[in-house]
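Peer 1: Sharing a structure, written as structure tokens. Questions coming.
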Amino acid sequence: MRRAVYPGSFDPITNGHLDIIKRASKIFDEVIVVVLVNVDKKGLFPVDERVKLIEKSIVQYANVRVAGFNGLLIDFMKKNDSKVIIKGLRAVSDFEYEFQMALMNNKLDSSIETLFMMTNAEYSYLSSSSVKQVAKFGGCIKGLVPDVILGDVMNKIME
């Protein structure tokens, strides 16, 4: 079975993330979207809520599942018998960071490969951080996040 892991903080999931999930689901037999705890970021949503938001957003993809994990991505990969990490890239700046992470993951386990997928140009400007900022200042985030979670995101922002 060709299984891939798409890791990230997904706080919240955006349509750019969803585009990568959709495209990866056509390539792999199974895609696991894993919500990782990023100790360098303070999240808007707790990990369990992010998992639920992603689950609501991916119901149409039968070969995609979601999990939360606190620890090294490599440990998650081993526990889930996966050898491929999927990373979405928007710009050269993303590549620099993700390339370093790919090298570190390969150092920790040389059997792990990282597959970089370029974002659809339609979403090249989009990030979870920008979605949160627009929403916090009352801007419209329709079309930036999956419609099915639009209310969840706005409700969280208004808390």
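The chains in the structure tokens are called A, B, ... from first to last as shown; in each chain the residues are counted from 1, and the ligands are counted from 1 in the order shown.
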Which residues, written as a ChimeraX atom specification, have at least one atom at most 9 Å from region 26-42 of chain A, with only C-alpha atoms counted and residues fewer than 5 positions away on the same chain left out?
Peer 2: /A:1-11,21,47-48,50-51,54,62-73,76,80
Peer 1: Go through chain A and collect every residue that DSSP, computed from the backbone, puts in strand (DSSP E); the answer should be as a count of residues only.
Peer 2: 31
Peer 1: When you look at region 127-135 of chain A with a cut-off of 8 Å (counting only C-alpha atoms), what residues show up, excluding the ones that are within fewer than 5 positions of it in the same chain? I need them as a list in words.
Peer 2: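 With the cut-off at 8 Å, the set is Phe10, Asp11, Pro12, Ile13, Thr14, Gly16, Cys140, Ile141, Leu144, Val145, Met154 and Ile157 of chain A.
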Peer 1: Go ahead and write the selection's residues with N, CA, C and O atoms as a PDB file, in the first residue's frame.
Peer 2:
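And here's out.pdb as it stands now:
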```pdb
ATOM      1  N   PHE A  10      -2.142  23.209  10.653  1.00  0.00           N
ATOM      2  CA  PHE A  10      -3.522  23.325  10.155  1.00  0.00           C
ATOM      3  C   PHE A  10      -4.402  24.126  11.121  1.00  0.00           C
ATOM      4  O   PHE A  10      -5.442  23.648  11.565  1.00  0.00           O
ATOM      5  N   ASP A  11      -3.998  25.335  11.416  1.00  0.00           N
ATOM      6  CA  ASP A  11      -4.684  26.145  12.446  1.00  0.00           C
ATOM      7  C   ASP A  11      -5.205  27.455  11.883  1.00  0.00           C
ATOM      8  O   ASP A  11      -4.643  28.517  12.169  1.00  0.00           O
ATOM      9  N   PRO A  12      -6.289  27.424  11.088  1.00  0.00           N
ATOM     10  CA  PRO A  12      -7.097  26.286  10.667  1.00  0.00           C
ATOM     11  C   PRO A  12      -6.661  25.770   9.291  1.00  0.00           C
ATOM     12  O   PRO A  12      -5.826  26.370   8.622  1.00  0.00           O
ATOM     13  N   ILE A  13      -7.297  24.666   8.884  1.00  0.00           N
ATOM     14  CA  ILE A  13      -7.090  24.158   7.527  1.00  0.00           C
ATOM     15  C   ILE A  13      -7.598  25.211   6.544  1.00  0.00           C
ATOM     16  O   ILE A  13      -8.609  25.870   6.786  1.00  0.00           O
ATOM     17  N   THR A  14      -6.874  25.389   5.454  1.00  0.00           N
ATOM     18  CA  THR A  14      -7.271  26.351   4.413  1.00  0.00           C
ATOM     19  C   THR A  14      -7.609  25.598   3.133  1.00  0.00           C
ATOM     20  O   THR A  14      -7.348  24.389   3.018  1.00  0.00           O
ATOM     21  N   GLY A  16      -6.009  25.969   0.492  1.00  0.00           N
ATOM     22  CA  GLY A  16      -4.705  25.561  -0.041  1.00  0.00           C
ATOM     23  C   GLY A  16      -4.305  24.191   0.488  1.00  0.00           C
ATOM     24  O   GLY A  16      -3.844  23.332  -0.270  1.00  0.00           O
ATOM     25  N   CYS A 140     -13.656  39.135   5.227  1.00  0.00           N
ATOM     26  CA  CYS A 140     -14.350  37.950   4.731  1.00  0.00           C
ATOM     27  C   CYS A 140     -13.336  36.842   4.424  1.00  0.00           C
ATOM     28  O   CYS A 140     -12.401  37.050   3.652  1.00  0.00           O
ATOM     29  N   ILE A 141     -13.548  35.665   5.014  1.00  0.00           N
ATOM     30  CA  ILE A 141     -12.657  34.530   4.754  1.00  0.00           C
ATOM     31  C   ILE A 141     -13.324  33.455   3.894  1.00  0.00           C
ATOM     32  O   ILE A 141     -12.768  32.386   3.713  1.00  0.00           O
ATOM     33  N   LEU A 144     -11.432  31.097   1.469  1.00  0.00           N
ATOM     34  CA  LEU A 144     -10.096  30.861   2.004  1.00  0.00           C
ATOM     35  C   LEU A 144     -10.017  29.572   2.806  1.00  0.00           C
ATOM     36  O   LEU A 144      -8.970  28.930   2.860  1.00  0.00           O
ATOM     37  N   VAL A 145     -11.134  29.219   3.438  1.00  0.00           N
ATOM     38  CA  VAL A 145     -11.234  27.968   4.194  1.00  0.00           C
ATOM     39  C   VAL A 145     -12.415  27.178   3.634  1.00  0.00           C
ATOM     40  O   VAL A 145     -13.302  27.756   3.001  1.00  0.00           O
ATOM     41  N   MET A 154     -15.078  31.414  12.326  1.00  0.00           N
ATOM     42  CA  MET A 154     -15.559  32.727  12.753  1.00  0.00           C
ATOM     43  C   MET A 154     -15.991  32.701  14.205  1.00  0.00           C
ATOM     44  O   MET A 154     -15.723  33.654  14.954  1.00  0.00           O
ATOM     45  N   ILE A 157     -12.899  32.818  16.403  1.00  0.00           N
ATOM     46  CA  ILE A 157     -12.286  34.150  16.369  1.00  0.00           C
ATOM     47  C   ILE A 157     -13.044  35.104  17.297  1.00  0.00           C
ATOM     48  O   ILE A 157     -12.440  35.938  17.965  1.00  0.00           O
TER      49      ILE A 157
END
```
Peer 1: I want to know what sits within 9 Å of Glu113 (chain A), based on only C-alpha atoms, with residues of the same chain fewer than 6 positions away left out; could you give that as a list in words?
Peer 2: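 Selected residues are Lys83, Val84, Ile85, Ile86, Ala102, Asn105 and Asn106 of chain A.
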Peer 1: Using only C-alpha atoms, find the one residue out of A:Gly88, A:Leu44, A:Leu126, A:Lys78 that sits nearest to Leu108 (chain A).
Peer 2: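 Closest to Leu108 (chain A), using only C-alpha atoms: A:Lys78.
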Peer 1: Just list the residues in chain A DSSP gives alpha helix (DSSP H) on the backbone, as a PyMOL selection string.
Peer 2: chain A and resi 15-27+47-57+73-79+92-108+128-136+150-158
Peer 1: In Å to one decimal, how far is CA of Ser124 (chain A) from CA of Ile74 (chain A)?
Peer 2: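 Atom-to-atom, CA of Ile74 (chain A) and CA of Ser124 (chain A) are spaced 27.5 Å apart.
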